[in-house]
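The data block below is my_file-v1.pdb; it holds PDB, C-alpha atoms and all ligand atoms.
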```pdb
ATOM      1  CA  MET A  47     106.511  90.186 132.535
ATOM      2  CA  HIS A  48     103.801  91.493 130.209
ATOM      3  CA  ALA A  49     103.973  90.619 126.491
ATOM      4  CA  CYS A  50     105.556  93.656 124.926
ATOM      5  CA  PHE A  51     107.932  94.461 122.102
ATOM      6  CA  THR A  52     108.194  98.193 122.733
ATOM      7  CA  VAL A  53     111.787  99.299 123.198
ATOM      8  CA  GLY A  54     111.886 101.818 126.043
ATOM      9  CA  CYS A  55     108.478 100.681 127.367
ATOM     10  CA  VAL A  56     107.804 102.463 130.680
ATOM     11  CA  ARG A  57     105.828  99.683 132.398
ATOM     12  CA  ARG A  58     107.374  98.504 135.630
ATOM     13  CA  GLY A  59     109.274  95.241 135.249
ATOM     14  CA  CYS A  60     109.139  95.283 131.445
ATOM     15  CA  HIS A  61     112.024  93.506 129.766
ATOM     16  CA  TRP A  62     112.360  96.475 127.381
ATOM     17  CA  ARG A  63     112.218  99.224 130.005
ATOM     18  CA  LYS A  64     115.900  99.903 130.359
ATOM     19  CA  ARG A  65     117.063  98.906 126.898
ATOM     20  CA  ARG A  66     119.383 101.478 125.454
ATOM     21  CA  GLY A  67     119.127 100.536 121.827
ATOM     22  CA  SER A  68     121.571  98.320 120.050
ATOM     23  CA  GLU A  69     124.653 100.164 121.334
ATOM     24  CA  LEU A  70     126.452 100.540 118.049
ATOM     25  CA  LYS A  71     129.307 102.907 117.415
ATOM     26  CA  ALA A  72     128.832 105.738 114.986
ATOM     27  CA  GLY A  73     132.123 104.973 113.272
ATOM     28  CA  PRO A  74     134.187 107.686 111.688
ATOM     29  CA  ARG A  75     132.258 110.619 110.332
ATOM     30  CA  PRO A  76     131.312 109.591 106.769
ATOM     31  CA  THR A  77     134.138 110.742 104.565
ATOM     32  CA  ILE A  78     131.882 111.232 101.600
ATOM     33  CA  LEU A  79     128.569 112.944 101.992
ATOM     34  CA  VAL A  80     126.923 113.304  98.647
ATOM     35  CA  LYS A  81     124.781 116.359  98.915
ATOM     36  CA  GLN A  82     121.279 116.083  97.616
ATOM     37  CA  THR A  83     119.682 119.269  96.438
ATOM     38  CA  ASP A  84     117.786 119.259  93.174
ATOM     39  CA  LEU A  85     118.401 115.518  92.815
ATOM     40  CA  MET A  86     116.615 114.948  96.114
ATOM     41  CA  ASN A  87     114.804 111.835  94.937
ATOM     42  CA  GLU A  88     117.533 110.227  92.893
ATOM     43  CA  PHE A  89     120.144 107.690  93.855
ATOM     44  CA  THR A  90     123.355 108.129  91.895
ATOM     45  CA  LEU A  91     126.595 106.204  91.304
ATOM     46  CA  PRO A  92     128.593 108.488  93.688
ATOM     47  CA  GLN A  93     126.007 107.796  96.385
ATOM     48  CA  ALA A  94     126.149 104.057  95.724
ATOM     49  CA  SER A  95     129.979 104.136  95.966
ATOM     50  CA  ALA A  96     129.798 106.223  99.131
ATOM     51  CA  TRP A  97     127.307 103.758 100.624
ATOM     52  CA  ILE A  98     129.706 100.858 100.140
ATOM     53  CA  LYS A  99     132.652 102.815 101.545
ATOM     54  CA  VAL A 100     130.770 104.062 104.619
ATOM     55  CA  SER A 101     129.324 100.564 105.182
ATOM     56  CA  GLY A 102     132.876  99.213 105.351
ATOM     57  CA  GLU A 103     133.836 101.930 107.838
ATOM     58  CA  LEU A 104     130.811 101.227 110.050
ATOM     59  CA  ILE A 105     131.396  97.476 109.922
ATOM     60  CA  ALA A 106     135.048  98.004 110.912
ATOM     61  CA  ALA A 107     134.090 100.338 113.778
ATOM     62  CA  ASN A 108     131.595  97.774 115.091
ATOM     63  CA  ALA A 109     133.497  94.565 114.319
ATOM     64  CA  ALA A 110     134.107  93.767 117.986
ATOM     65  CA  ARG A 111     130.405  94.214 118.785
ATOM     66  CA  LEU A 112     129.368  91.930 115.899
ATOM     67  CA  THR A 113     131.822  89.307 117.070
ATOM     68  CA  GLU A 114     130.621  89.643 120.665
ATOM     69  CA  LEU A 115     127.012  89.090 119.524
ATOM     70  CA  ASP A 116     128.026  86.086 117.412
ATOM     71  CA  THR A 117     130.043  84.652 120.297
ATOM     72  CA  ALA A 118     126.881  84.571 122.424
ATOM     73  CA  ILE A 119     124.725  82.620 119.945
ATOM     74  CA  GLY A 120     127.068  81.493 117.148
ATOM     75  CA  ASP A 121     130.738  80.844 116.518
ATOM     76  CA  GLY A 122     132.086  84.341 117.076
ATOM     77  CA  ASP A 123     133.136  85.039 113.505
ATOM     78  CA  HIS A 124     130.539  87.495 112.190
ATOM     79  CA  GLY A 125     132.645  90.605 112.852
ATOM     80  CA  THR A 126     135.757  89.169 111.223
ATOM     81  CA  ASN A 127     133.711  87.709 108.331
ATOM     82  CA  MET A 128     132.167  91.095 107.547
ATOM     83  CA  VAL A 129     135.383  93.076 107.987
ATOM     84  CA  ARG A 130     137.200  90.654 105.671
ATOM     85  CA  GLY A 131     134.419  90.971 103.086
ATOM     86  CA  PHE A 132     134.257  94.754 103.081
ATOM     87  CA  ALA A 133     138.064  95.080 103.086
ATOM     88  CA  ALA A 134     138.123  92.858  99.986
ATOM     89  CA  VAL A 135     135.425  95.036  98.431
ATOM     90  CA  GLN A 136     137.444  98.219  99.084
ATOM     91  CA  LYS A 137     140.518  96.638  97.545
ATOM     92  CA  LYS A 138     138.573  95.499  94.502
ATOM     93  CA  LEU A 139     136.904  98.872  93.984
ATOM     94  CA  ALA A 140     140.164 100.777  94.433
ATOM     95  CA  GLY A 141     141.588  98.942  91.425
ATOM     96  CA  GLN A 142     138.744  99.657  89.035
ATOM     97  CA  ARG A 143     135.957 102.154  88.596
ATOM     98  CA  ALA A 144     132.469 100.725  88.047
ATOM     99  CA  GLY A 145     130.662 102.228  85.071
ATOM    100  CA  ASP A 146     127.244 102.289  86.691
ATOM    101  CA  ILE A 147     125.314 101.331  89.825
ATOM    102  CA  ALA A 148     124.500  97.859  88.508
ATOM    103  CA  ALA A 149     128.172  97.085  87.769
ATOM    104  CA  LEU A 150     129.224  98.415  91.172
ATOM    105  CA  PHE A 151     126.746  96.250  93.097
ATOM    106  CA  LYS A 152     127.639  93.233  90.949
ATOM    107  CA  GLN A 153     131.320  93.672  91.923
ATOM    108  CA  VAL A 154     130.368  94.075  95.569
ATOM    109  CA  GLY A 155     128.174  90.964  95.476
ATOM    110  CA  MET A 156     130.804  88.801  93.764
ATOM    111  CA  THR A 157     133.502  89.962  96.177
ATOM    112  CA  LEU A 158     131.363  89.353  99.277
ATOM    113  CA  LEU A 159     130.379  85.915  97.944
ATOM    114  CA  SER A 160     134.010  84.907  97.579
ATOM    115  CA  SER A 161     135.407  86.501 100.742
ATOM    116  CA  VAL A 162     132.889  86.598 103.624
ATOM    117  CA  GLY A 163     132.191  82.885 104.070
ATOM    118  CA  GLY A 164     129.840  81.502 106.722
ATOM    119  CA  ALA A 165     126.091  81.750 106.337
ATOM    120  CA  SER A 166     126.145  85.486 105.839
ATOM    121  CA  GLY A 167     128.566  85.505 102.856
ATOM    122  CA  PRO A 168     126.185  83.964 100.302
ATOM    123  CA  LEU A 169     123.286  85.949 101.767
ATOM    124  CA  TYR A 170     124.982  89.362 101.553
ATOM    125  CA  GLY A 171     126.690  88.408  98.287
ATOM    126  CA  GLY A 172     123.378  87.387  96.743
ATOM    127  CA  PHE A 173     121.714  90.497  98.151
ATOM    128  CA  PHE A 174     124.145  92.843  96.360
ATOM    129  CA  LEU A 175     124.063  90.777  93.155
ATOM    130  CA  GLU A 176     120.289  91.174  93.171
ATOM    131  CA  LEU A 177     120.572  94.927  93.815
ATOM    132  CA  GLY A 178     122.811  95.026  90.734
ATOM    133  CA  LYS A 179     120.246  93.120  88.664
ATOM    134  CA  GLN A 180     117.470  95.426  89.777
ATOM    135  CA  ALA A 181     119.544  98.512  88.914
ATOM    136  CA  ALA A 182     120.545  97.234  85.458
ATOM    137  CA  GLY A 183     120.099  99.672  82.599
ATOM    138  CA  LYS A 184     119.512 102.707  84.829
ATOM    139  CA  GLU A 185     122.054 105.485  85.191
ATOM    140  CA  THR A 186     120.388 106.947  88.276
ATOM    141  CA  LEU A 187     117.589 105.415  90.327
ATOM    142  CA  ARG A 188     114.359 107.163  91.198
ATOM    143  CA  GLN A 189     112.920 106.575  94.632
ATOM    144  CA  SER A 190     110.541 103.908  93.316
ATOM    145  CA  ASP A 191     113.528 102.137  91.701
ATOM    146  CA  VAL A 192     115.434 102.202  94.991
ATOM    147  CA  ILE A 193     112.487 100.617  96.800
ATOM    148  CA  GLN A 194     112.052  98.004  94.063
ATOM    149  CA  MET A 195     115.783  97.254  94.252
ATOM    150  CA  PHE A 196     115.624  96.609  98.010
ATOM    151  CA  GLU A 197     112.460  94.545  97.636
ATOM    152  CA  GLY A 198     114.437  92.375  95.209
ATOM    153  CA  GLY A 199     117.371  92.177  97.630
ATOM    154  CA  LEU A 200     115.112  91.049 100.478
ATOM    155  CA  ARG A 201     113.437  88.461  98.226
ATOM    156  CA  ASP A 202     116.853  87.048  97.335
ATOM    157  CA  VAL A 203     117.949  86.795 100.980
ATOM    158  CA  GLN A 204     114.714  84.962 101.798
ATOM    159  CA  ARG A 205     114.938  82.721  98.726
ATOM    160  CA  ARG A 206     118.446  81.633  99.698
ATOM    161  CA  GLY A 207     118.081  81.473 103.467
ATOM    162  CA  LYS A 208     114.379  80.517 103.758
ATOM    163  CA  ALA A 209     114.076  82.770 106.818
ATOM    164  CA  GLU A 210     110.871  84.597 107.683
ATOM    165  CA  PRO A 211     110.565  87.635 109.943
ATOM    166  CA  GLY A 212     110.668  86.366 113.525
ATOM    167  CA  ASP A 213     113.262  83.642 112.834
ATOM    168  CA  LYS A 214     115.996  85.811 114.435
ATOM    169  CA  THR A 215     118.119  86.567 111.374
ATOM    170  CA  MET A 216     119.146  89.520 109.216
ATOM    171  CA  VAL A 217     115.633  89.362 107.731
ATOM    172  CA  ASP A 218     114.373  90.844 111.016
ATOM    173  CA  SER A 219     116.080  94.139 110.253
ATOM    174  CA  LEU A 220     115.939  94.071 106.450
ATOM    175  CA  ALA A 221     112.221  93.235 106.112
ATOM    176  CA  PRO A 222     110.962  96.094 108.351
ATOM    177  CA  ALA A 223     113.354  98.475 106.591
ATOM    178  CA  VAL A 224     111.951  97.525 103.183
ATOM    179  CA  ALA A 225     108.397  97.791 104.538
ATOM    180  CA  ALA A 226     109.219 101.279 105.872
ATOM    181  CA  MET A 227     110.617 102.280 102.461
ATOM    182  CA  ARG A 228     107.265 101.324 100.926
ATOM    183  CA  ASP A 229     105.184 102.971 103.672
ATOM    184  CA  GLU A 230     107.217 106.193 103.678
ATOM    185  CA  SER A 231     107.635 106.486  99.917
ATOM    186  CA  ASN A 232     105.686 109.753  99.783
ATOM    187  CA  ARG A 233     108.659 111.472 101.455
ATOM    188  CA  ASP A 234     111.898 112.537  99.816
ATOM    189  CA  LEU A 235     114.470 109.761  99.424
ATOM    190  CA  SER A 236     116.613 110.998 102.282
ATOM    191  CA  SER A 237     113.696 110.873 104.784
ATOM    192  CA  THR A 238     112.474 107.544 103.443
ATOM    193  CA  LEU A 239     115.892 105.965 103.976
ATOM    194  CA  LYS A 240     116.157 107.480 107.447
ATOM    195  CA  ARG A 241     112.786 105.900 108.349
ATOM    196  CA  ALA A 242     113.991 102.602 106.895
ATOM    197  CA  SER A 243     117.094 102.667 109.065
ATOM    198  CA  GLU A 244     114.986 103.482 112.144
ATOM    199  CA  ALA A 245     112.690 100.552 111.325
ATOM    200  CA  ALA A 246     115.761  98.309 111.011
ATOM    201  CA  ARG A 247     116.919  99.410 114.468
ATOM    202  CA  VAL A 248     113.561  98.444 115.973
ATOM    203  CA  GLY A 249     113.821  95.175 114.045
ATOM    204  CA  VAL A 250     117.239  94.488 115.558
ATOM    205  CA  GLU A 251     115.880  95.079 119.065
ATOM    206  CA  SER A 252     112.982  92.738 118.304
ATOM    207  CA  THR A 253     115.426  89.840 117.784
ATOM    208  CA  ILE A 254     116.474  89.848 121.461
ATOM    209  CA  PRO A 255     113.481  87.932 122.905
ATOM    210  CA  LEU A 256     113.210  85.626 119.884
ATOM    211  CA  GLN A 257     114.287  82.005 119.729
ATOM    212  CA  ALA A 258     116.417  81.437 116.604
ATOM    213  CA  ARG A 259     114.826  79.210 113.971
ATOM    214  CA  LYS A 260     117.485  79.560 111.264
ATOM    215  CA  GLY A 261     121.280  79.429 111.116
ATOM    216  CA  ARG A 262     123.800  78.356 113.698
ATOM    217  CA  ALA A 263     121.964  80.120 116.544
ATOM    218  CA  SER A 264     118.988  77.776 116.067
ATOM    219  CA  TYR A 265     121.156  74.903 117.407
ATOM    220  CA  LEU A 266     120.941  76.615 120.806
ATOM    221  CA  GLY A 267     117.156  76.326 120.981
ATOM    222  CA  GLU A 268     115.776  78.306 123.911
ATOM    223  CA  ARG A 269     119.292  79.420 124.902
ATOM    224  CA  SER A 270     119.286  81.768 121.910
ATOM    225  CA  ILE A 271     116.572  83.824 123.645
ATOM    226  CA  GLY A 272     117.772  87.082 125.207
ATOM    227  CA  HIS A 273     120.532  87.817 122.657
ATOM    228  CA  GLN A 274     120.599  90.234 119.757
ATOM    229  CA  ASP A 275     121.131  88.677 116.336
ATOM    230  CA  PRO A 276     124.520  89.560 114.811
ATOM    231  CA  GLY A 277     123.357  89.415 111.178
ATOM    232  CA  ALA A 278     120.363  91.666 111.881
ATOM    233  CA  THR A 279     122.856  94.055 113.480
ATOM    234  CA  SER A 280     125.264  94.125 110.526
ATOM    235  CA  CYS A 281     122.301  94.679 108.220
ATOM    236  CA  LEU A 282     121.297  97.669 110.380
ATOM    237  CA  LEU A 283     124.813  99.074 109.904
ATOM    238  CA  LEU A 284     124.428  98.851 106.118
ATOM    239  CA  LEU A 285     121.080 100.647 106.300
ATOM    240  CA  GLN A 286     122.493 103.316 108.616
ATOM    241  CA  ALA A 287     125.335 103.862 106.158
ATOM    242  CA  LEU A 288     122.822 104.229 103.329
ATOM    243  CA  ALA A 289     120.739 106.774 105.262
ATOM    244  CA  SER A 290     123.863 108.726 106.199
ATOM    245  CA  VAL A 291     125.213 109.082 102.655
ATOM    246  CA  CYS A 292     121.805 110.063 101.305
ATOM    247  CA  GLN A 293     120.956 112.608 103.970
ATOM    248  CA  ALA A 294     119.598 115.856 102.601
ATOM    249  CA  ALA A 295     121.953 118.816 102.341
TER     250      ALA A 295
HETATM  251  N1  LIG B 301     118.973  81.096 106.820
HETATM  252  C1  LIG B 301     119.311  82.356 107.111
HETATM  253  N2  LIG B 301     118.614  83.392 106.584
HETATM  254  C2  LIG B 301     118.956  84.662 106.872
HETATM  255  N3  LIG B 301     119.993  85.007 107.666
HETATM  256  C3  LIG B 301     120.689  83.998 108.212
HETATM  257  C4  LIG B 301     120.417  82.647 107.971
HETATM  258  N4  LIG B 301     121.314  81.892 108.653
HETATM  259  C5  LIG B 301     122.130  82.760 109.305
HETATM  260  N5  LIG B 301     121.753  84.020 109.023
HETATM  261  C6  LIG B 301     122.375  85.244 109.501
HETATM  262  O1  LIG B 301     123.778  85.068 109.499
HETATM  263  C7  LIG B 301     124.284  85.519 110.735
HETATM  264  C8  LIG B 301     125.554  84.768 111.096
HETATM  265  O2  LIG B 301     126.517  85.031 110.132
HETATM  266  P1  LIG B 301     128.005  84.472 110.263
HETATM  267  O3  LIG B 301     128.832  85.288 109.335
HETATM  268  O4  LIG B 301     128.394  84.429 111.686
HETATM  269  O5  LIG B 301     127.882  83.018 109.677
HETATM  270  P2  LIG B 301     127.855  81.633 110.509
HETATM  271  O6  LIG B 301     126.500  81.451 111.095
HETATM  272  O7  LIG B 301     128.994  81.632 111.458
HETATM  273  O8  LIG B 301     128.052  80.604 109.348
HETATM  274  P3  LIG B 301     128.649  79.098 109.479
HETATM  275  O9  LIG B 301     127.768  78.398 110.458
HETATM  276  O10 LIG B 301     128.544  78.585 108.079
HETATM  277  O11 LIG B 301     130.081  79.289 109.957
HETATM  278  C9  LIG B 301     123.166  85.316 111.724
HETATM  279  O12 LIG B 301     123.258  86.212 112.805
HETATM  280  C10 LIG B 301     121.912  85.551 110.891
HETATM  281  O13 LIG B 301     121.499  86.899 110.919
HETATM  282 MG    MG B 302     129.238  83.057 112.930
END
```

Can the structure from this file be put into structure tokens for me?
Ligand SMILES: Nc1ncnc2c1ncn2[C@@H]1O[C@H](COP(=O)(O)OP(=O)(O)OP(=O)(O)O)[C@@H](O)[C@H]1O
Ligand SMILES: [Mg+2]
Amino acid sequence: MHACFTVGCVRRGCHWRKRRGSELKAGPRPTILVKQTDLMNEFTLPQASAWIKVSGELIAANAARLTELDTAIGDGDHGTNMVRGFAAVQKKLAGQRAGDIAALFKQVGMTLLSSVGGASGPLYGGFFLELGKQAAGKETLRQSDVIQMFEGGLRDVQRRGKAEPGDKTMVDSLAPAVAAMRDESNRDLSSTLKRASEAARVGVESTIPLQARKGRASYLGERSIGHQDPGATSCLLLLQALASVCQAA
């Protein structure tokens, strides 16, 4: 087999030749699509709320897939962990209305920290807490603020988990997404986020041939090779949800 990381590569015998992508379900049609017209490059509180809601819907629709992936290289709880976390978030948010984006993400982060558990709970919890910190004091976020916010979120995940790209973790979808946000920042926000979600999908595919160096999957050594990372996959779902709620009208 030639050394290649190109999904859909046409070379005969290539490991990637017949890959069909990460086979995720679309979930229910997003119930809230916040139309962007004149506010094309701004990220607002309704969009942030819609992102969290649609993320929960996508996680629920793909829970079995996340669990299947975690059964192959972990302990089979990633789907249930994430569903439990996002259900707790929905319950929390239904009871109170956040005043701004920072307060919303802080609530999400605290709730995920206390309800998800496992390795991913503190990582996703810390990620949203950091998004909240980055958004503090701003009523709406400009595109550059959104990128800065995600750069902060990625930094926090890496500070807590000490994973680098290539270690076969959620960083393998989050880091390329953040890099794409930076590289594609000359576009409108909707296109930038779509590119970020596409980069995350490629990142998810890239985890398949990797040997895990962090988390429970690393205990498997070489046996972790050939499986898609569950955390990278759930992170892709979050980024897909973000792109879908911010799509241009
Ligand atoms: N150090 C880390 N840095 C970044 N992501 C990590 C790290 N460790 C694990 N992960 C991510 O977490 C995912 C697994 O999450 P899950 O909810 O299944 O927790 P877990 O591994 O079962 O935790 P525990 O072993 O504590 O039960 C992995 O697929 C990986 O993407
Ligand atoms: Mg697990």

Counting all atoms listed in the file, which residues in chain A sit no more than 7 Å from ligand LIG 301 (chain B)? For each one, give the nearest pair of atoms and the distance in Å, sorted by chain then residue number, as CSV.
```
residue,atom,partner,partner_atom,distance
A:Asp116,CA,B:LIG301,O4,6.0
A:Gly120,CA,B:LIG301,O7,6.0
A:Asp121,CA,B:LIG301,O7,5.4
A:Gly122,CA,B:LIG301,O4,6.5
A:Asp123,CA,B:LIG301,O4,5.1
A:His124,CA,B:LIG301,O4,3.8
A:Asn127,CA,B:LIG301,O3,5.5
A:Met128,CA,B:LIG301,O3,6.9
A:Gly163,CA,B:LIG301,O3,6.7
A:Gly164,CA,B:LIG301,O8,3.3
A:Ala165,CA,B:LIG301,O8,3.8
A:Ser166,CA,B:LIG301,O2,4.3
A:Gly167,CA,B:LIG301,O3,6.5
A:Leu169,CA,B:LIG301,C2,6.8
A:Val203,CA,B:LIG301,C2,6.3
A:Gln204,CA,B:LIG301,N2,6.4
A:Gly207,CA,B:LIG301,N1,3.5
A:Lys208,CA,B:LIG301,N1,5.6
A:Ala209,CA,B:LIG301,N2,4.6
A:Lys214,CA,B:LIG301,O13,6.6
A:Thr215,CA,B:LIG301,O13,3.4
A:Met216,CA,B:LIG301,O13,3.9
A:Val217,CA,B:LIG301,C2,5.8
A:Lys260,CA,B:LIG301,N1,4.9
A:Gly261,CA,B:LIG301,N4,3.5
A:Arg262,CA,B:LIG301,O6,4.9
A:Asp275,CA,B:LIG301,O12,4.8
A:Pro276,CA,B:LIG301,O12,4.1
A:Gly277,CA,B:LIG301,O13,3.1
A:Ala278,CA,B:LIG301,O13,5.0
```

request  = Could you list the residues chosen by the PyMOL selection byres (((chain A and resi 102-110) around 9) and not hetatm) in this structure as a VMD selection string?
outcome  = chain A and resid 70 to 74 76 97 to 101 111 to 115 124 to 126 128 to 129 131 to 133 135 to 136 280 283 to 284 286 to 287

task = Just give me the gap between CA of Met156 (chain A) and CA of Pro211 (chain A) in Å, one decimal is fine.
result = 25.9 Å

task = Run the PyMOL selection byres (((chain A and resi 196) around 12) and not hetatm) on the file and write out the hits as a PyMOL selection string.
result = chain A and resi 173-181+187+189-195+197-203+220-228+239+242+285+288

Taking the file as I've supplied it (selection: the PyMOL selection byres (((chain A and resi 88) around 8) and not hetatm)), which residues are included? Please answer as an mmCIF file with C-alpha atoms, in the coordinates of the input.
```cif
data_model
loop_
_atom_site.group_PDB
_atom_site.id
_atom_site.type_symbol
_atom_site.label_atom_id
_atom_site.label_comp_id
_atom_site.auth_asym_id
_atom_site.auth_seq_id
_atom_site.Cartn_x
_atom_site.Cartn_y
_atom_site.Cartn_z
ATOM 1 C CA LEU A 85 118.401 115.518 92.815
ATOM 2 C CA MET A 86 116.615 114.948 96.114
ATOM 3 C CA ASN A 87 114.804 111.835 94.937
ATOM 4 C CA PHE A 89 120.144 107.690 93.855
ATOM 5 C CA THR A 90 123.355 108.129 91.895
ATOM 6 C CA THR A 186 120.388 106.947 88.276
ATOM 7 C CA LEU A 187 117.589 105.415 90.327
ATOM 8 C CA ARG A 188 114.359 107.163 91.198
ATOM 9 C CA GLN A 189 112.920 106.575 94.632
ATOM 10 C CA LEU A 235 114.470 109.761 99.424
#
```

For Ile271 (chain A), find every residue with an atom within 8 Å (counting all atoms listed in the file), except residues of its own chain fewer than 2 positions away, and show them as a JSON list (two decimals) with C-alpha atoms, in the frame of the given file.
```json
[["chain", "number", "residue", "atom", "x", "y", "z"],
["A", 254, "ILE", "CA", 116.47, 89.85, 121.46],
["A", 255, "PRO", "CA", 113.48, 87.93, 122.90],
["A", 256, "LEU", "CA", 113.21, 85.63, 119.88],
["A", 257, "GLN", "CA", 114.29, 82.00, 119.73],
["A", 258, "ALA", "CA", 116.42, 81.44, 116.60],
["A", 267, "GLY", "CA", 117.16, 76.33, 120.98],
["A", 268, "GLU", "CA", 115.78, 78.31, 123.91],
["A", 269, "ARG", "CA", 119.29, 79.42, 124.90],
["A", 273, "HIS", "CA", 120.53, 87.82, 122.66]]
```

task = Measure the distance from CA of Ser270 (chain A) to CA of Thr117 (chain A) in Å and round it to one decimal.
result =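 Computed distance, CA of Ser270 (chain A) to CA of Thr117 (chain A), equals 11.3 Å.
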